[in-house]
>>> print(open('input.txt').read())   # compact mmCIF, C-alpha atoms and all ligand atoms
# COMPACT_ATOMS: atom_id res chain seq x y z
CA MET A 65 -7.07 -5.67 18.16
CA ILE A 66 -4.72 -6.29 15.26
CA GLU A 67 -0.96 -5.99 15.67
CA VAL A 68 1.16 -5.97 12.54
CA ARG A 69 4.77 -6.69 13.55
CA ASN A 70 7.74 -6.30 11.23
CA VAL A 71 5.85 -7.75 8.30
CA GLU A 72 7.75 -8.38 5.09
CA LYS A 73 6.45 -9.77 1.85
CA TYR A 74 8.54 -10.84 -1.12
CA TYR A 75 7.28 -12.01 -4.46
CA GLY A 76 9.34 -14.07 -6.88
CA ALA A 77 12.56 -16.04 -6.45
CA ASN A 78 16.08 -16.56 -7.79
CA GLY A 79 17.39 -13.04 -8.19
CA ASN A 80 14.03 -11.74 -9.43
CA VAL A 81 12.54 -10.76 -6.10
CA THR A 82 10.15 -7.87 -5.45
CA LYS A 83 10.03 -6.64 -1.88
CA ALA A 84 6.37 -5.64 -1.72
CA LEU A 85 6.28 -4.98 2.04
CA ASP A 86 9.33 -3.86 3.98
CA ASN A 87 9.23 -4.12 7.77
CA ILE A 88 5.70 -2.82 8.36
CA SER A 89 4.55 -2.45 11.97
CA PHE A 90 1.44 -0.84 13.41
CA THR A 91 -1.46 -1.61 15.72
CA SER A 92 -5.14 -1.15 15.05
CA ALA A 93 -7.71 -1.11 17.84
CA ASP A 94 -11.08 -2.85 17.44
CA GLY A 95 -13.53 -0.73 15.53
CA GLU A 96 -10.95 1.53 13.92
CA PHE A 97 -11.60 2.96 10.44
CA LEU A 98 -8.15 2.87 8.86
CA CYS A 99 -7.20 4.04 5.41
CA ILE A 100 -4.13 3.05 3.39
CA MET A 101 -2.79 5.35 0.68
CA GLY A 102 0.25 5.30 -1.56
CA ALA A 103 1.40 5.24 -5.16
CA SER A 104 0.60 2.38 -7.51
CA GLY A 105 2.85 -0.56 -6.62
CA SER A 106 3.61 0.73 -3.10
CA GLY A 107 2.17 -2.41 -1.49
CA LYS A 108 -1.38 -1.42 -0.50
CA THR A 109 -3.18 -4.49 -1.87
CA THR A 110 -0.41 -6.74 -0.58
CA LEU A 111 -0.75 -5.27 2.92
CA LEU A 112 -4.52 -5.68 2.85
CA ASN A 113 -4.19 -9.29 1.68
CA CYS A 114 -1.63 -10.07 4.39
CA ILE A 115 -3.78 -8.60 7.17
CA SER A 116 -6.92 -10.28 5.86
CA THR A 117 -5.13 -13.68 5.82
CA LEU A 118 -5.61 -14.09 2.06
CA ASP A 119 -1.86 -13.97 1.46
CA SER A 120 1.06 -15.46 3.41
CA LEU A 121 3.82 -13.41 5.06
CA SER A 122 7.50 -13.77 4.14
CA ALA A 123 8.56 -12.56 7.60
CA GLY A 124 7.07 -10.95 10.68
CA GLU A 125 3.81 -11.71 12.43
CA ILE A 126 0.24 -10.49 12.66
CA LEU A 127 -1.65 -10.95 15.91
CA PHE A 128 -5.44 -11.06 16.17
CA ASP A 129 -6.44 -10.22 19.73
CA GLY A 130 -2.99 -11.41 20.75
CA VAL A 131 -3.18 -14.68 18.80
CA PRO A 132 -0.34 -15.01 16.27
CA ARG A 133 -1.60 -15.74 12.80
CA SER A 134 1.07 -18.40 12.36
CA THR A 135 -0.53 -20.49 15.12
CA ILE A 136 -4.01 -20.53 13.59
CA LYS A 137 -4.74 -23.68 11.55
CA GLU A 138 -5.96 -23.27 7.97
CA ALA A 139 -9.39 -24.78 8.76
CA GLU A 140 -9.88 -22.37 11.66
CA MET A 141 -8.68 -19.51 9.47
CA ALA A 142 -11.26 -20.34 6.80
CA ALA A 143 -14.05 -20.36 9.39
CA PHE A 144 -12.74 -17.10 10.86
CA ARG A 145 -12.73 -15.48 7.41
CA ARG A 146 -16.23 -16.67 6.64
CA ARG A 147 -17.75 -15.46 9.90
CA ASN A 148 -15.84 -12.29 10.61
CA LEU A 149 -14.44 -10.79 7.44
CA GLY A 150 -15.99 -8.86 4.59
CA PHE A 151 -14.04 -8.19 1.38
CA VAL A 152 -14.42 -5.65 -1.39
CA PHE A 153 -11.73 -6.52 -3.95
CA GLN A 154 -10.05 -4.14 -6.35
CA ASN A 155 -11.53 -6.13 -9.27
CA TYR A 156 -14.90 -6.86 -7.53
CA ASN A 157 -14.57 -10.69 -7.75
CA LEU A 158 -18.27 -11.22 -8.42
CA LEU A 159 -19.32 -14.63 -9.73
CA ASP A 160 -20.32 -14.11 -13.36
CA SER A 161 -22.77 -17.00 -13.47
CA LEU A 162 -24.82 -15.66 -10.55
CA THR A 163 -27.13 -12.65 -10.58
CA LEU A 164 -26.29 -9.62 -8.45
CA GLY A 165 -28.91 -10.76 -5.92
CA GLU A 166 -27.39 -14.24 -5.75
CA ASN A 167 -23.90 -12.81 -5.43
CA ILE A 168 -25.01 -10.70 -2.47
CA SER A 169 -26.91 -13.50 -0.73
CA LEU A 170 -24.24 -16.16 -1.20
CA SER A 171 -22.38 -15.47 2.04
CA LEU A 172 -25.62 -15.52 4.03
CA LEU A 173 -26.45 -18.95 2.63
CA VAL A 174 -22.92 -20.21 3.24
CA ASN A 175 -23.23 -19.10 6.85
CA ALA A 176 -26.55 -20.94 7.26
CA VAL A 177 -28.77 -17.91 7.85
CA ASP A 178 -32.52 -18.71 7.77
CA PRO A 179 -33.23 -18.71 4.00
CA ALA A 180 -36.62 -17.07 4.57
CA ALA A 181 -34.88 -13.97 5.93
CA VAL A 182 -32.48 -13.62 3.01
CA PRO A 183 -34.52 -11.86 0.27
CA ALA A 184 -35.63 -8.99 2.52
CA ARG A 185 -32.10 -8.43 3.79
CA VAL A 186 -30.68 -8.46 0.26
CA ALA A 187 -33.38 -6.07 -0.98
CA GLN A 188 -32.79 -3.64 1.87
CA LEU A 189 -29.05 -3.51 1.38
CA ALA A 190 -29.42 -3.28 -2.41
CA HIS A 191 -31.78 -0.36 -1.86
CA GLU A 192 -29.22 1.38 0.37
CA VAL A 193 -26.50 1.11 -2.26
CA GLY A 194 -28.88 1.92 -5.11
CA ILE A 195 -28.92 -1.32 -7.11
CA GLU A 196 -32.29 -2.79 -6.06
CA PRO A 197 -33.74 -2.77 -9.62
CA LEU A 198 -30.70 -4.72 -10.86
CA LEU A 199 -30.81 -7.74 -8.56
CA ASP A 200 -31.90 -10.15 -11.33
CA LYS A 201 -29.18 -9.04 -13.74
CA PHE A 202 -25.81 -10.72 -14.17
CA PRO A 203 -22.52 -8.86 -13.55
CA SER A 204 -21.85 -8.68 -17.31
CA GLN A 205 -25.13 -6.80 -17.77
CA VAL A 206 -24.39 -3.91 -15.40
CA SER A 207 -21.83 -1.10 -15.23
CA GLY A 208 -18.52 -1.19 -13.36
CA GLY A 209 -19.88 1.13 -10.67
CA GLU A 210 -22.95 -1.07 -10.22
CA ARG A 211 -20.74 -4.15 -9.93
CA GLN A 212 -18.69 -2.32 -7.33
CA ARG A 213 -21.78 -1.42 -5.29
CA CYS A 214 -22.89 -5.05 -5.52
CA ALA A 215 -19.48 -6.18 -4.28
CA PHE A 216 -19.82 -3.76 -1.38
CA ALA A 217 -23.30 -5.04 -0.46
CA ARG A 218 -21.98 -8.61 -0.59
CA ALA A 219 -19.07 -7.68 1.70
CA ILE A 220 -21.23 -6.20 4.43
CA ILE A 221 -24.37 -8.36 4.35
CA ASN A 222 -22.93 -10.68 7.00
CA THR A 223 -22.28 -7.72 9.31
CA PRO A 224 -18.59 -8.64 9.48
CA LYS A 225 -16.36 -7.51 12.35
CA LEU A 226 -13.60 -6.61 9.90
CA ILE A 227 -14.11 -5.08 6.48
CA PHE A 228 -11.31 -5.00 3.88
CA ALA A 229 -11.98 -2.71 0.96
CA ASP A 230 -9.52 -2.20 -1.89
CA GLU A 231 -10.43 0.93 -3.82
CA PRO A 232 -14.14 0.46 -3.05
CA THR A 233 -15.04 3.71 -4.81
CA GLY A 234 -12.68 3.45 -7.80
CA ALA A 235 -15.44 3.01 -10.39
CA LEU A 236 -17.98 5.32 -8.76
CA ASP A 237 -18.97 8.92 -9.49
CA SER A 238 -18.30 11.24 -6.57
CA GLY A 239 -21.94 11.21 -5.38
CA SER A 240 -22.08 7.40 -5.18
CA ALA A 241 -18.61 7.34 -3.63
CA MET A 242 -19.69 9.67 -0.82
CA LYS A 243 -22.83 7.61 -0.25
CA LEU A 244 -20.69 4.49 0.09
CA MET A 245 -18.38 6.31 2.50
CA GLN A 246 -21.38 7.34 4.59
CA ILE A 247 -22.59 3.72 4.73
CA MET A 248 -19.06 2.65 5.64
CA GLY A 249 -18.85 5.32 8.37
CA ALA A 250 -22.23 4.22 9.75
CA LEU A 251 -21.14 0.55 9.81
CA ASN A 252 -18.06 1.61 11.66
CA GLN A 253 -20.08 3.60 14.22
CA THR A 254 -23.10 1.39 14.79
CA MET A 255 -21.63 -2.09 14.35
CA HIS A 256 -18.15 -1.16 15.57
CA ALA A 257 -16.78 -2.89 12.50
CA SER A 258 -13.08 -2.33 11.88
CA ILE A 259 -12.44 -1.09 8.37
CA PHE A 260 -9.21 -1.30 6.37
CA MET A 261 -9.69 0.67 3.19
CA VAL A 262 -7.32 1.43 0.30
CA THR A 263 -8.18 4.56 -1.63
CA HIS A 264 -6.51 7.14 -3.84
CA ASP A 265 -9.20 9.67 -3.02
CA ALA A 266 -8.38 12.10 -0.20
CA LEU A 267 -12.05 12.93 0.29
CA CYS A 268 -12.92 9.26 0.82
CA ALA A 269 -9.91 8.93 3.13
CA SER A 270 -11.20 11.82 5.24
CA TYR A 271 -14.00 9.51 6.47
CA ALA A 272 -11.36 7.36 8.19
CA GLU A 273 -9.89 7.90 11.66
CA ARG A 274 -6.31 7.34 10.55
CA VAL A 275 -4.44 7.27 7.27
CA LEU A 276 -1.27 5.23 6.70
CA PHE A 277 0.92 6.23 3.77
CA LEU A 278 2.98 3.53 2.08
CA LYS A 279 5.98 4.22 -0.09
CA ASP A 280 8.01 1.47 -1.77
CA GLY A 281 6.59 -1.10 0.62
CA LYS A 282 7.51 0.90 3.73
CA LEU A 283 5.27 2.76 6.15
CA PHE A 284 6.17 6.31 5.18
CA SER A 285 3.95 8.28 7.56
CA GLU A 286 0.58 8.32 9.24
CA ILE A 287 -1.92 10.95 10.23
CA VAL A 288 -4.72 10.73 12.75
CA LYS A 289 -8.03 12.59 12.58
CA GLY A 290 -8.45 13.01 16.34
CA GLU A 291 -10.66 15.98 17.12
CA LYS A 292 -10.07 17.66 13.77
CA SER A 293 -12.95 18.46 11.49
CA LYS A 294 -13.33 16.30 8.39
CA ARG A 295 -12.37 19.34 6.33
CA ASP A 296 -9.12 19.96 8.22
CA PHE A 297 -8.32 16.25 8.09
CA TYR A 298 -8.96 16.26 4.35
CA HIS A 299 -6.44 19.07 3.85
CA GLU A 300 -3.91 17.25 6.01
CA ILE A 301 -4.39 14.13 3.87
CA LEU A 302 -3.79 16.19 0.72
CA ASP A 303 -0.55 17.45 2.30
CA GLY A 304 0.39 13.86 3.18
CA VAL A 305 -0.22 12.79 -0.40
CA SER A 306 2.00 15.54 -1.78
CA LEU A 307 4.71 14.70 0.76
CA LEU A 308 4.82 11.20 -0.69
CA GLY A 309 6.47 12.96 -3.56
CA GLY A 310 6.31 13.20 -7.31
CA GLN A 311 4.42 9.98 -7.96
CA THR A 312 0.84 9.44 -8.95
CA VAL A 313 -1.01 8.26 -5.89
CA CYS A 314 -3.49 5.54 -6.62
N1 LIG B 401 1.55 -11.87 -7.33
C1 LIG B 401 2.60 -11.06 -7.51
N2 LIG B 401 3.76 -11.51 -8.04
C2 LIG B 401 4.82 -10.72 -8.18
N3 LIG B 401 4.85 -9.41 -7.82
C3 LIG B 401 3.73 -8.90 -7.29
C4 LIG B 401 2.54 -9.69 -7.11
N4 LIG B 401 1.57 -8.90 -6.56
C5 LIG B 401 2.15 -7.70 -6.42
N5 LIG B 401 3.42 -7.69 -6.84
C6 LIG B 401 4.36 -6.54 -6.79
O1 LIG B 401 4.41 -6.07 -5.46
C7 LIG B 401 4.40 -4.66 -5.40
C8 LIG B 401 3.20 -4.18 -4.61
O2 LIG B 401 2.02 -4.52 -5.31
P1 LIG B 401 0.57 -4.15 -4.79
O3 LIG B 401 -0.41 -4.84 -5.66
O4 LIG B 401 0.49 -4.42 -3.32
O5 LIG B 401 0.55 -2.57 -5.03
P2 LIG B 401 -0.63 -1.51 -4.84
O6 LIG B 401 -0.10 -0.45 -3.92
O7 LIG B 401 -1.88 -2.21 -4.42
O8 LIG B 401 -0.78 -0.90 -6.31
P3 LIG B 401 -2.11 -0.39 -7.12
O9 LIG B 401 -2.41 0.98 -6.57
O10 LIG B 401 -1.63 -0.31 -8.53
O11 LIG B 401 -3.22 -1.36 -6.91
C9 LIG B 401 4.42 -4.19 -6.85
O12 LIG B 401 5.75 -3.93 -7.21
C10 LIG B 401 3.88 -5.36 -7.61
O13 LIG B 401 4.38 -5.40 -8.92
MG MG B 402 -3.72 -2.50 -5.38
>>> encode(input="input.txt", output="structure tokens", more="lines below")
Ligand SMILES: Nc1ncnc2c1ncn2[C@@H]1O[C@H](COP(=O)(O)OP(=O)(O)OP(=O)(O)O)[C@@H](O)[C@H]1O
Ligand SMILES: [Mg+2]
Amino acid sequence: MIEVRNVEKYYGANGNVTKALDNISFTSADGEFLCIMGASGSGKTTLLNCISTLDSLSAGEILFDGVPRSTIKEAEMAAFRRRNLGFVFQNYNLLDSLTLGENISLSLLVNAVDPAAVPARVAQLAHEVGIEPLLDKFPSQVSGGERQRCAFARAIINTPKLIFADEPTGALDSGSAMKLMQIMGALNQTMHASIFMVTHDALCASYAERVLFLKDGKLFSEIVKGEKSKRDFYHEILDGVSLLGGQTVC
């Protein structure tokens, strides 16, 4: 379980301060598929980075299974990230000097998985996301959508307990985006992986169990899928987006 308590995040100093997160509190149970929506600059990436321990907090606390983040030592945190977390960054963060296949397999090798088992696992996942023929190419030789699918395969190859995905479908056509959402939904169901996903796409968000809306760094509202159909949830998300008011949601 993750408890976010009164989290604040400021950037800058000396009269030039941006309050990126303003007193955010919520709880997420293990295995939840949570989506974060809001206008550009509303704090979505910052929130994801704070929860995923990539960024520090200015105030407040985040508890992992009751353990305050502030009490976890940096070395432990690094090991925790490596073993339990999967990241899909807004800008992919692939290593340009490695092929797509090497990018995907890197985290397996770092985590000392039997090297003999790696190629088959990489090939299978690459097949699922539709980039198997591209495994020997470098990131600069493939399209943005293909890089994004590679980044997704890399994030989930370790079967992480927690997946953080920042606009994982931003560069994808709607067919590929839905396929990715289906894989994400299946990971959530079968592996009970918790997912924190930022998206601007209401259809993608409708795969989640709950949507949090951020506005100006504050938690503006939230909606829960519950027993609703995906279609009804989708329409509720669209209403939520329009309630955020006259800004472009992204
Ligand atoms: N490293 C930084 N230094 C200073 N200000 C920052 C930094 N990162 C983010 N900000 C500011 O914090 C606020 C929230 O940024 P954040 O990146 O979390 O927004 P976002 O909701 O992810 O936007 P987008 O949809 O455009 O990705 C913005 O006003 C942004 O300019
Ligand atoms: Mg962002």
>>> closest_residue(input="input.txt", among="A:Ile259, A:Val131, A:Leu98, A:Ile221", to="Ser169 of chain A", atoms="all atoms listed in the file")
A:Ile221
>>> residues_near_ligand(input="input.txt", ligand="ligand LIG 401 (chain B)", cutoff="7 Å", atoms="only C-alpha atoms and all ligand atoms", output="number ranges by chain")
A: 75-76, 82-84, 102-111, 281, 314
>>> residues_around(input="input.txt", residues="Glu192 of chain A", least_positions_apart="5", cutoff="12 Å", atoms="only C-alpha atoms", output="VMD selection string")
chain A and resid 185 to 187 197 213 to 214 216 to 217 220 to 221 240 243 to 244 246 to 248
>>> closest_residue(input="input.txt", among="A:Ser270, A:Gln205, A:Asn78, A:Thr117", to="Met245 of chain A", atoms="only C-alpha atoms")
A:Ser270
>>> closest_residue(input="input.txt", among="A:Leu85, A:Ala215, A:Leu189, A:Leu162", to="Ala235 of chain A", atoms="all atoms listed in the file")
A:Ala215
>>> residues_around(input="input.txt", residues="Ile100 of chain A", least_positions_apart="4", cutoff="7 Å", atoms="all atoms listed in the file", output="MDAnalysis selection string")
chainID A and resid 108 261:263 275:277
>>> atom_distance(input="input.txt", atom1="atom CA of Glu140 of chain A", atom2="atom CA of Gln154 of chain A")
25.6 Å
>>> closest_residue(input="input.txt", among="A:Val152, A:Asn167, A:Lys292, A:Val182", to="ligand MG 402 (chain B)", atoms="all atoms listed in the file")
A:Val152
>>> residues_around(input="input.txt", residues="Ser161 of chain A", least_positions_apart="2", cutoff="9 Å", atoms="only C-alpha atoms", output="list in words")
Leu158, Leu159, Thr163, Phe202 and Pro203 of chain A
>>> atom_distance(input="input.txt", atom1="atom CA of His299 of chain A", atom2="atom CA of Ile88 of chain A")
25.4 Å
>>> closest_residue(input="input.txt", among="A:Ala77, A:Val177, A:Met101, A:Ile66", to="ligand MG 402 (chain B)", atoms="all atoms listed in the file")
A:Met101
>>> residues_around(input="input.txt", residues="segment 250-257 of chain A", least_positions_apart="3", cutoff="10 Å", atoms="only C-alpha atoms", output="ChimeraX atom specification")
/A:94-97,148-150,220,223-227,244-247,260,272
>>> closest_residue(input="input.txt", among="A:Met242, A:Leu112, A:Cys99, A:Ala180", to="ligand MG 402 (chain B)", atoms="only C-alpha atoms and all ligand atoms")
A:Leu112
>>> residues_near_point(input="input.txt", point="(-3.8, 16.1, 8.0)", cutoff="12 Å", atoms="only C-alpha atoms", output="JSON, numbers by chain")
{"A": [266, 267, 269, 270, 272, 273, 274, 275, 276, 277, 285, 286, 287, 288, 289, 290, 291, 292, 293, 294, 295, 296, 297, 298, 299, 300, 301, 302, 303, 304, 305, 306, 307]}
>>> atom_distance(input="input.txt", atom1="atom CA of Thr91 of chain A", atom2="atom CA of Ser258 of chain A")
12.3 Å
>>> decode(input="input.txt", residues="segment 167-290 of chain A", atoms="C-alpha atoms", output="PDB file, in the first residue's frame")
ATOM      1  CA  ASN A 167      17.922  -1.760 -23.796  1.00  0.00           C
ATOM      2  CA  ILE A 168      15.152  -4.211 -22.926  1.00  0.00           C
ATOM      3  CA  SER A 169      17.464  -6.847 -21.446  1.00  0.00           C
ATOM      4  CA  LEU A 170      19.581  -4.446 -19.408  1.00  0.00           C
ATOM      5  CA  SER A 171      17.475  -4.591 -16.256  1.00  0.00           C
ATOM      6  CA  LEU A 172      17.416  -8.391 -16.350  1.00  0.00           C
ATOM      7  CA  LEU A 173      21.207  -8.462 -16.486  1.00  0.00           C
ATOM      8  CA  VAL A 174      21.497  -5.858 -13.739  1.00  0.00           C
ATOM      9  CA  ASN A 175      19.268  -8.029 -11.565  1.00  0.00           C
ATOM     10  CA  ALA A 176      21.429 -11.110 -12.208  1.00  0.00           C
ATOM     11  CA  VAL A 177      18.855 -13.183 -14.073  1.00  0.00           C
ATOM     12  CA  ASP A 178      20.305 -16.333 -15.710  1.00  0.00           C
ATOM     13  CA  PRO A 179      21.756 -14.904 -18.965  1.00  0.00           C
ATOM     14  CA  ALA A 180      20.675 -18.011 -20.890  1.00  0.00           C
ATOM     15  CA  ALA A 181      17.024 -17.162 -20.188  1.00  0.00           C
ATOM     16  CA  VAL A 182      17.293 -13.552 -21.351  1.00  0.00           C
ATOM     17  CA  PRO A 183      17.005 -13.734 -25.175  1.00  0.00           C
ATOM     18  CA  ALA A 184      13.791 -15.777 -25.151  1.00  0.00           C
ATOM     19  CA  ARG A 185      12.175 -13.471 -22.607  1.00  0.00           C
ATOM     20  CA  VAL A 186      13.186 -10.373 -24.585  1.00  0.00           C
ATOM     21  CA  ALA A 187      11.921 -11.894 -27.847  1.00  0.00           C
ATOM     22  CA  GLN A 188       8.582 -12.846 -26.316  1.00  0.00           C
ATOM     23  CA  LEU A 189       7.941  -9.420 -24.855  1.00  0.00           C
ATOM     24  CA  ALA A 190       9.128  -7.685 -28.039  1.00  0.00           C
ATOM     25  CA  HIS A 191       6.690  -9.864 -29.957  1.00  0.00           C
ATOM     26  CA  GLU A 192       3.837  -8.845 -27.640  1.00  0.00           C
ATOM     27  CA  VAL A 193       4.502  -5.153 -28.173  1.00  0.00           C
ATOM     28  CA  GLY A 194       5.201  -5.599 -31.884  1.00  0.00           C
ATOM     29  CA  ILE A 195       8.886  -4.672 -32.160  1.00  0.00           C
ATOM     30  CA  GLU A 196      10.482  -8.124 -32.479  1.00  0.00           C
ATOM     31  CA  PRO A 197      11.984  -7.433 -35.952  1.00  0.00           C
ATOM     32  CA  LEU A 198      13.648  -4.281 -34.600  1.00  0.00           C
ATOM     33  CA  LEU A 199      15.631  -5.713 -31.702  1.00  0.00           C
ATOM     34  CA  ASP A 200      19.015  -5.231 -33.421  1.00  0.00           C
ATOM     35  CA  LYS A 201      18.341  -1.606 -34.333  1.00  0.00           C
ATOM     36  CA  PHE A 202      19.422   1.405 -32.299  1.00  0.00           C
ATOM     37  CA  PRO A 203      16.886   3.907 -30.889  1.00  0.00           C
ATOM     38  CA  SER A 204      17.912   6.503 -33.500  1.00  0.00           C
ATOM     39  CA  GLN A 205      16.950   4.056 -36.255  1.00  0.00           C
ATOM     40  CA  VAL A 206      13.331   3.510 -35.209  1.00  0.00           C
ATOM     41  CA  SER A 207      10.221   5.679 -34.885  1.00  0.00           C
ATOM     42  CA  GLY A 208       9.039   7.454 -31.738  1.00  0.00           C
ATOM     43  CA  GLY A 209       6.216   4.951 -31.275  1.00  0.00           C
ATOM     44  CA  GLU A 210       8.648   2.044 -31.624  1.00  0.00           C
ATOM     45  CA  ARG A 211      10.964   3.635 -29.061  1.00  0.00           C
ATOM     46  CA  GLN A 212       7.998   4.033 -26.760  1.00  0.00           C
ATOM     47  CA  ARG A 213       7.026   0.366 -27.106  1.00  0.00           C
ATOM     48  CA  CYS A 214      10.643  -0.582 -26.420  1.00  0.00           C
ATOM     49  CA  ALA A 215      10.614   1.586 -23.291  1.00  0.00           C
ATOM     50  CA  PHE A 216       7.437  -0.175 -22.198  1.00  0.00           C
ATOM     51  CA  ALA A 217       8.940  -3.640 -22.749  1.00  0.00           C
ATOM     52  CA  ARG A 218      12.017  -2.587 -20.771  1.00  0.00           C
ATOM     53  CA  ALA A 219       9.827  -1.337 -17.908  1.00  0.00           C
ATOM     54  CA  ILE A 220       7.905  -4.570 -17.492  1.00  0.00           C
ATOM     55  CA  ILE A 221      10.496  -7.248 -18.288  1.00  0.00           C
ATOM     56  CA  ASN A 222      11.430  -7.551 -14.616  1.00  0.00           C
ATOM     57  CA  THR A 223       7.789  -8.137 -13.678  1.00  0.00           C
ATOM     58  CA  PRO A 224       7.889  -5.149 -11.317  1.00  0.00           C
ATOM     59  CA  LYS A 225       5.441  -4.768  -8.437  1.00  0.00           C
ATOM     60  CA  LEU A 226       4.963  -1.100  -9.272  1.00  0.00           C
ATOM     61  CA  ILE A 227       4.845   0.368 -12.753  1.00  0.00           C
ATOM     62  CA  PHE A 228       5.169   4.123 -13.367  1.00  0.00           C
ATOM     63  CA  ALA A 229       4.216   5.216 -16.847  1.00  0.00           C
ATOM     64  CA  ASP A 230       4.296   8.843 -17.985  1.00  0.00           C
ATOM     65  CA  GLU A 231       2.260   9.223 -21.168  1.00  0.00           C
ATOM     66  CA  PRO A 232       3.107   5.666 -22.267  1.00  0.00           C
ATOM     67  CA  THR A 233       0.903   5.969 -25.351  1.00  0.00           C
ATOM     68  CA  GLY A 234       1.757   9.559 -26.346  1.00  0.00           C
ATOM     69  CA  ALA A 235       3.570   8.604 -29.557  1.00  0.00           C
ATOM     70  CA  LEU A 236       1.348   5.672 -30.508  1.00  0.00           C
ATOM     71  CA  ASP A 237      -1.515   5.361 -32.981  1.00  0.00           C
ATOM     72  CA  SER A 238      -4.796   4.438 -31.317  1.00  0.00           C
ATOM     73  CA  GLY A 239      -4.517   0.740 -32.241  1.00  0.00           C
ATOM     74  CA  SER A 240      -1.060   0.378 -30.655  1.00  0.00           C
ATOM     75  CA  ALA A 241      -2.187   2.463 -27.685  1.00  0.00           C
ATOM     76  CA  MET A 242      -5.111   0.124 -26.996  1.00  0.00           C
ATOM     77  CA  LYS A 243      -2.837  -2.898 -27.333  1.00  0.00           C
ATOM     78  CA  LEU A 244      -0.486  -1.393 -24.763  1.00  0.00           C
ATOM     79  CA  MET A 245      -3.434  -0.680 -22.459  1.00  0.00           C
ATOM     80  CA  GLN A 246      -4.553  -4.290 -22.783  1.00  0.00           C
ATOM     81  CA  ILE A 247      -1.058  -5.522 -21.857  1.00  0.00           C
ATOM     82  CA  MET A 248      -1.043  -3.072 -18.953  1.00  0.00           C
ATOM     83  CA  GLY A 249      -4.490  -4.265 -17.799  1.00  0.00           C
ATOM     84  CA  ALA A 250      -3.344  -7.893 -18.028  1.00  0.00           C
ATOM     85  CA  LEU A 251      -0.190  -7.143 -15.985  1.00  0.00           C
ATOM     86  CA  ASN A 252      -2.384  -5.499 -13.416  1.00  0.00           C
ATOM     87  CA  GLN A 253      -4.732  -8.504 -13.262  1.00  0.00           C
ATOM     88  CA  THR A 254      -2.348 -11.440 -13.488  1.00  0.00           C
ATOM     89  CA  MET A 255       0.729 -10.088 -11.700  1.00  0.00           C
ATOM     90  CA  HIS A 256      -1.191  -7.777  -9.371  1.00  0.00           C
ATOM     91  CA  ALA A 257       1.226  -5.038 -10.355  1.00  0.00           C
ATOM     92  CA  SER A 258       0.247  -1.568  -9.179  1.00  0.00           C
ATOM     93  CA  ILE A 259       0.210   0.903 -12.032  1.00  0.00           C
ATOM     94  CA  PHE A 260       0.514   4.691 -11.855  1.00  0.00           C
ATOM     95  CA  MET A 261      -0.093   6.072 -15.307  1.00  0.00           C
ATOM     96  CA  VAL A 262      -0.214   9.640 -16.625  1.00  0.00           C
ATOM     97  CA  THR A 263      -2.260  10.070 -19.772  1.00  0.00           C
ATOM     98  CA  HIS A 264      -4.157  12.765 -21.642  1.00  0.00           C
ATOM     99  CA  ASP A 265      -6.272  10.142 -23.368  1.00  0.00           C
ATOM    100  CA  ALA A 266      -9.639   9.403 -21.748  1.00  0.00           C
ATOM    101  CA  LEU A 267      -9.903   6.087 -23.561  1.00  0.00           C
ATOM    102  CA  CYS A 268      -6.555   4.930 -22.146  1.00  0.00           C
ATOM    103  CA  ALA A 269      -7.611   6.210 -18.722  1.00  0.00           C
ATOM    104  CA  SER A 270     -10.774   4.104 -18.898  1.00  0.00           C
ATOM    105  CA  TYR A 271      -8.564   0.991 -18.455  1.00  0.00           C
ATOM    106  CA  ALA A 272      -7.677   2.211 -14.955  1.00  0.00           C
ATOM    107  CA  GLU A 273      -9.662   1.611 -11.767  1.00  0.00           C
ATOM    108  CA  ARG A 274      -9.419   5.201 -10.579  1.00  0.00           C
ATOM    109  CA  VAL A 275      -8.547   8.542 -12.124  1.00  0.00           C
ATOM    110  CA  LEU A 276      -7.060  11.437 -10.148  1.00  0.00           C
ATOM    111  CA  PHE A 277      -7.356  14.900 -11.684  1.00  0.00           C
ATOM    112  CA  LEU A 278      -4.666  17.443 -10.872  1.00  0.00           C
ATOM    113  CA  LYS A 279      -5.089  21.166 -11.289  1.00  0.00           C
ATOM    114  CA  ASP A 280      -2.346  23.678 -10.467  1.00  0.00           C
ATOM    115  CA  GLY A 281      -0.560  21.102  -8.335  1.00  0.00           C
ATOM    116  CA  LYS A 282      -3.661  20.283  -6.280  1.00  0.00           C
ATOM    117  CA  LEU A 283      -5.798  17.160  -6.288  1.00  0.00           C
ATOM    118  CA  PHE A 284      -8.888  18.568  -7.977  1.00  0.00           C
ATOM    119  CA  SER A 285     -11.126  15.491  -8.051  1.00  0.00           C
ATOM    120  CA  GLU A 286     -11.126  11.748  -8.485  1.00  0.00           C
ATOM    121  CA  ILE A 287     -13.432   9.200 -10.027  1.00  0.00           C
ATOM    122  CA  VAL A 288     -13.597   5.477  -9.425  1.00  0.00           C
ATOM    123  CA  LYS A 289     -14.632   2.854 -11.958  1.00  0.00           C
ATOM    124  CA  GLY A 290     -16.261   0.494  -9.451  1.00  0.00           C
TER     125      GLY A 290
END
